[in-house]
file start21.txt (compact mmCIF, C-alpha atoms)
# COMPACT_ATOMS: atom_id res chain seq x y z
CA MET A 1089 54.74 -10.55 9.32
CA LYS A 1090 57.23 -13.20 8.44
CA ASN A 1091 55.03 -16.20 9.24
CA PRO A 1092 52.63 -16.81 6.29
CA LEU A 1093 50.62 -19.36 8.30
CA LEU A 1094 50.00 -16.79 11.02
CA LEU A 1095 48.90 -14.26 8.39
CA LEU A 1096 46.61 -16.87 6.80
CA GLY A 1097 45.12 -17.71 10.20
CA ILE A 1098 44.45 -14.05 11.04
CA THR A 1099 42.85 -13.54 7.61
CA ALA A 1100 40.61 -16.57 8.15
CA ILE A 1101 39.56 -15.32 11.57
CA LEU A 1102 38.80 -11.82 10.30
CA SER A 1103 36.94 -13.25 7.32
CA SER A 1104 34.77 -15.44 9.54
CA CYS A 1105 33.98 -12.43 11.73
CA SER A 1106 32.46 -10.58 8.80
CA GLN A 1107 30.02 -13.43 8.04
CA PRO A 1108 26.86 -13.42 10.15
CA ALA A 1109 26.53 -16.26 12.61
CA PRO A 1110 23.48 -18.53 12.10
CA GLN A 1111 21.63 -16.67 14.88
CA GLU A 1112 22.37 -13.34 13.18
CA LYS A 1113 21.07 -14.69 9.84
CA ALA A 1114 17.85 -15.73 11.60
CA ALA A 1115 17.61 -12.27 13.15
CA MET A 1116 17.96 -10.70 9.68
CA VAL A 1117 15.06 -12.80 8.40
CA ASP A 1118 13.03 -11.91 11.48
CA SER A 1119 13.66 -8.20 10.95
CA SER A 1120 11.95 -8.37 7.54
CA SER A 1121 8.94 -10.07 9.11
CA VAL A 1122 8.94 -7.38 11.82
CA SER A 1123 8.82 -4.84 8.99
CA ILE A 1124 5.81 -6.63 7.48
CA THR A 1125 4.19 -6.85 10.91
CA ARG A 1126 4.75 -3.14 11.45
CA GLY A 1127 3.37 -2.44 7.97
CA GLU A 1128 0.23 -4.42 8.78
CA TYR A 1129 -0.14 -2.45 12.02
CA LEU A 1130 0.27 0.88 10.18
CA VAL A 1131 -2.19 -0.09 7.43
CA ASN A 1132 -4.77 -1.22 9.99
CA THR A 1133 -4.43 1.85 12.20
CA SER A 1134 -4.21 4.38 9.35
CA GLY A 1135 -7.62 3.55 7.89
CA CYS A 1136 -6.43 2.05 4.59
CA ASN A 1137 -9.13 -0.64 4.74
CA ASP A 1138 -11.82 2.03 5.11
CA CYS A 1139 -11.51 2.94 1.43
CA HIS A 1140 -9.36 0.26 -0.23
CA SER A 1141 -11.18 -2.88 1.01
CA PRO A 1142 -14.61 -3.87 -0.31
CA LYS A 1143 -17.01 -4.52 2.55
CA MET A 1144 -19.34 -7.31 3.52
CA MET A 1145 -22.29 -6.85 5.85
CA THR A 1146 -22.15 -8.57 9.22
CA ASP A 1147 -24.26 -8.36 12.38
CA LYS A 1148 -21.80 -5.62 13.47
CA GLY A 1149 -22.20 -3.65 10.24
CA PRO A 1150 -19.90 -3.49 7.22
CA VAL A 1151 -16.42 -4.96 7.64
CA PRO A 1152 -13.59 -5.49 5.13
CA ASP A 1153 -14.09 -8.63 3.06
CA PRO A 1154 -11.04 -10.78 3.92
CA ALA A 1155 -11.03 -12.34 0.42
CA LEU A 1156 -10.79 -8.87 -1.19
CA LEU A 1157 -8.62 -7.14 1.39
CA LEU A 1158 -7.15 -3.89 0.00
CA SER A 1159 -8.14 -4.79 -3.58
CA GLY A 1160 -9.84 -1.45 -4.27
CA HIS A 1161 -13.20 -0.69 -5.81
CA PRO A 1162 -14.54 -3.86 -7.49
CA GLN A 1163 -14.26 -3.58 -11.27
CA ASN A 1164 -17.77 -4.84 -11.98
CA LEU A 1165 -19.59 -2.94 -9.24
CA PRO A 1166 -21.77 -0.25 -10.82
CA LEU A 1167 -22.49 2.94 -8.94
CA PRO A 1168 -26.07 3.99 -8.33
CA GLY A 1169 -27.22 7.30 -9.77
CA SER A 1170 -27.00 10.38 -7.59
CA ASP A 1171 -28.15 13.96 -7.56
CA THR A 1172 -25.50 16.04 -9.35
CA ALA A 1173 -26.45 19.21 -7.45
CA THR A 1174 -25.88 17.42 -4.15
CA SER A 1175 -22.46 16.11 -5.21
CA ASN A 1176 -21.37 19.68 -5.98
CA HIS A 1177 -21.68 20.54 -2.27
CA TRP A 1178 -21.25 17.21 -0.54
CA ILE A 1179 -19.03 14.17 -0.71
CA LEU A 1180 -21.01 11.00 -1.35
CA PHE A 1181 -19.59 7.57 -0.53
CA HIS A 1182 -20.56 4.31 -2.15
CA MET A 1183 -22.05 1.87 0.37
CA GLY A 1184 -18.88 -0.25 0.20
CA GLY A 1185 -16.68 2.77 0.93
CA THR A 1186 -14.52 2.18 -2.15
CA ALA A 1187 -15.81 5.09 -4.26
CA ALA A 1188 -16.42 8.76 -3.49
CA LYS A 1189 -18.16 11.45 -5.51
CA GLY A 1190 -17.74 15.19 -5.04
CA PRO A 1191 -17.03 18.41 -6.92
CA TRP A 1192 -13.87 16.81 -8.47
CA GLY A 1193 -15.91 13.95 -9.97
CA THR A 1194 -15.86 10.33 -8.84
CA SER A 1195 -12.74 8.61 -7.55
CA PHE A 1196 -12.27 4.92 -6.91
CA ALA A 1197 -9.96 3.37 -4.31
CA ALA A 1198 -6.95 1.68 -5.90
CA ASN A 1199 -6.01 -1.98 -5.75
CA LEU A 1200 -3.15 -2.20 -3.23
CA THR A 1201 -2.49 -5.93 -3.58
CA PRO A 1202 0.65 -7.27 -5.32
CA ASP A 1203 -1.30 -8.30 -8.43
CA PRO A 1204 -0.21 -6.54 -11.67
CA THR A 1205 -3.61 -4.79 -11.61
CA GLY A 1206 -2.53 -3.30 -8.27
CA LEU A 1207 0.95 -2.65 -6.85
CA GLY A 1208 2.46 -5.79 -8.39
CA ASN A 1209 4.75 -3.93 -10.79
CA TRP A 1210 5.50 -0.97 -8.52
CA SER A 1211 8.97 -0.21 -7.25
CA GLU A 1212 9.57 1.11 -3.77
CA GLU A 1213 10.47 4.46 -5.39
CA GLN A 1214 7.06 4.64 -7.08
CA PHE A 1215 5.36 3.89 -3.77
CA PHE A 1216 7.34 6.67 -2.09
CA ASN A 1217 6.44 9.09 -4.93
CA ALA A 1218 2.77 8.29 -4.52
CA MET A 1219 2.83 8.63 -0.74
CA ARG A 1220 5.16 11.61 -0.50
CA LYS A 1221 4.34 13.61 -3.64
CA GLY A 1222 0.81 12.45 -4.47
CA TYR A 1223 1.61 11.09 -7.95
CA TYR A 1224 -0.83 8.53 -9.38
CA LYS A 1225 1.01 5.20 -9.63
CA GLY A 1226 4.07 7.07 -8.34
CA ILE A 1227 4.86 8.34 -11.83
CA GLU A 1228 6.45 11.80 -11.75
CA GLY A 1229 4.66 14.23 -14.03
CA GLY A 1230 1.50 12.10 -14.08
CA ARG A 1231 -1.82 13.12 -12.62
CA MET A 1232 -2.18 13.70 -8.92
CA LEU A 1233 -3.98 11.30 -6.61
CA LEU A 1234 -7.60 12.28 -6.25
CA PRO A 1235 -9.60 13.02 -3.12
CA LEU A 1236 -10.05 11.36 -0.72
CA MET A 1237 -6.59 9.82 -0.69
CA PRO A 1238 -4.85 11.51 2.27
CA TRP A 1239 -1.33 11.29 0.85
CA PRO A 1240 -0.21 14.54 2.59
CA ALA A 1241 -0.73 12.75 5.92
CA TYR A 1242 1.23 9.69 4.75
CA ALA A 1243 3.97 12.00 3.47
CA GLN A 1244 4.76 12.71 7.13
CA MET A 1245 5.62 9.06 7.82
CA THR A 1246 9.22 7.95 8.18
CA ASP A 1247 10.99 6.07 5.41
CA GLU A 1248 10.95 3.01 7.67
CA ASP A 1249 7.17 3.27 8.08
CA LEU A 1250 6.58 3.59 4.34
CA ARG A 1251 8.95 0.68 3.63
CA SER A 1252 7.07 -1.41 6.19
CA ILE A 1253 3.71 -0.55 4.61
CA PHE A 1254 5.04 -1.38 1.16
CA ALA A 1255 6.48 -4.70 2.42
CA TYR A 1256 3.15 -5.60 4.02
CA LEU A 1257 1.18 -4.72 0.87
CA LYS A 1258 3.58 -6.83 -1.22
CA SER A 1259 3.01 -9.75 1.18
CA LEU A 1260 -0.77 -9.84 0.66
CA PRO A 1261 -2.45 -12.41 -1.57
CA PRO A 1262 -2.75 -10.82 -5.02
CA VAL A 1263 -6.29 -9.97 -6.14
CA LYS A 1264 -6.88 -9.36 -9.83
CA ASN A 1265 -9.09 -6.27 -9.96
CA ILE A 1266 -8.92 -3.53 -12.56
CA VAL A 1267 -10.27 -0.51 -10.70
CA PRO A 1268 -12.41 1.82 -12.87
CA ALA A 1269 -10.90 5.05 -14.10
CA PRO A 1270 -12.05 8.22 -12.31
CA LEU A 1271 -15.10 9.99 -13.66
CA PRO A 1272 -15.22 13.73 -14.34
CA PRO A 1273 -17.75 15.97 -12.56
CA GLY A 1274 -21.31 15.38 -13.70
CA ALA A 1275 -20.63 11.89 -15.10
call {"tool": "encode", "arguments": {"input": "start21.txt", "output": "structure tokens"}}
result
Amino acid sequence: MKNPLLLLGITAILSSCSQPAPQEKAAMVDSSSVSITRGEYLVNTSGCNDCHSPKMMTDKGPVPDPALLLSGHPQNLPLPGSDTATSNHWILFHMGGTAAKGPWGTSFAANLTPDPTGLGNWSEEQFFNAMRKGYYKGIEGGRMLLPLMPWPAYAQMTDEDLRSIFAYLKSLPPVKNIVPAPLPPGA
């Protein structure tokens, strides 16, 4: 092209085409909220609150406590004693649903909120490792997640579903709660 102004004009037009229009920018923001909305849907329909949310008693029975949503087993909530022989053949649940005892010992539901005592410092890769490979805190070579965490079922979810769940969990209000360490059998 011999006309530099024409070349400059074409370059400007092509350059402006590669920038999203204001409506497209809004759509990009909306797509992240759709991801969070989908994550909330998946968390609510996959039973995550059953174990990871402390309960409060209502006239309809126990329901997740909205102030402690997905914050795991409360750090200062002691477990009542139980018959060791029974827990060798049965799975016993704490009344709040956040702890389970069985032949493996006692496991406590993790804090899934974005507080540093929960998922606050986790990367998406760690979350995928936990959900796909069953690694505690998503750390390769670490201990495996304990029963009753159904990570093999979550491993079947799409990358998009897991990203949406992670985005939703990161959008929750953080709850500081240091979940107790698991207990060995007989403890």
call {"tool": "closest_atom_pairs", "arguments": {"input": "start21.txt", "of": "range 1105-1201 of chain A", "to": "range 1209-1224 of chain A", "cutoff": "12 Å", "atoms": "only C-alpha atoms", "output": "tab-separated table"}}
result
residue	atom	partner	partner_atom	distance
A:Ala1197	CA	A:Tyr1224	CA	11.6
A:Ala1198	CA	A:Tyr1224	CA	9.8
A:Asn1199	CA	A:Trp1210	CA	11.9
A:Leu1200	CA	A:Trp1210	CA	10.2
A:Thr1201	CA	A:Asn1209	CA	10.4
call {"tool": "atom_distance", "arguments": {"input": "start21.txt", "atom1": "CA of Gly1127 in chain A", "atom2": "CA of Glu1248 in chain A"}}
result
9.3 Å
call {"tool": "residues_around", "arguments": {"input": "start21.txt", "residues": "range 1175-1188 of chain A", "least_positions_apart": "5", "cutoff": "10 Å", "atoms": "only C-alpha atoms", "output": "VMD selection string"}}
result
chain A and resid 1137 to 1145 1150 to 1152 1158 to 1162 1165 to 1168 1170 1193 to 1198 1234 to 1236 1267 to 1268 1270 1273 to 1274
call {"tool": "closest_residue", "arguments": {"input": "start21.txt", "among": "A:Gly1135, A:Gly1149, A:Gly1206, A:Gly1169", "to": "Pro1262 in chain A", "atoms": "only C-alpha atoms"}}
result
A:Gly1206
call {"tool": "atom_distance", "arguments": {"input": "start21.txt", "atom1": "CA of Ala1243 in chain A", "atom2": "CA of Leu1130 in chain A"}}
result
13.5 Å
call {"tool": "closest_residue", "arguments": {"input": "start21.txt", "among": "A:Thr1133, A:Thr1146, A:Thr1125, A:Thr1172", "to": "Pro1272 in chain A", "atoms": "only C-alpha atoms"}}
result
A:Thr1172
call {"tool": "atom_distance", "arguments": {"input": "start21.txt", "atom1": "CA of Glu1128 in chain A", "atom2": "CA of Tyr1256 in chain A"}}
result
5.7 Å
call {"tool": "axis_aligned_box", "arguments": {"input": "start21.txt", "around": "range 1143-1152 of chain A", "padding_each_side": "8 Å", "output": "lines of an AutoDock Vina configuration file"}}
result
center_x = -18.9
center_y = -6.0
center_z = 8.0
size_x = 26.7
size_y = 21.1
size_z = 26.9
call {"tool": "closest_residue", "arguments": {"input": "start21.txt", "among": "A:Leu1233, A:Ala1269, A:Val1263, A:Ala1275", "to": "Pro1154 in chain A", "atoms": "only C-alpha atoms"}}
result
A:Val1263
call {"tool": "closest_residue", "arguments": {"input": "start21.txt", "among": "A:Trp1192, A:Ala1173, A:Ile1227, A:Leu1207", "to": "Ile1253 in chain A", "atoms": "all atoms listed in the file"}}
result
A:Leu1207
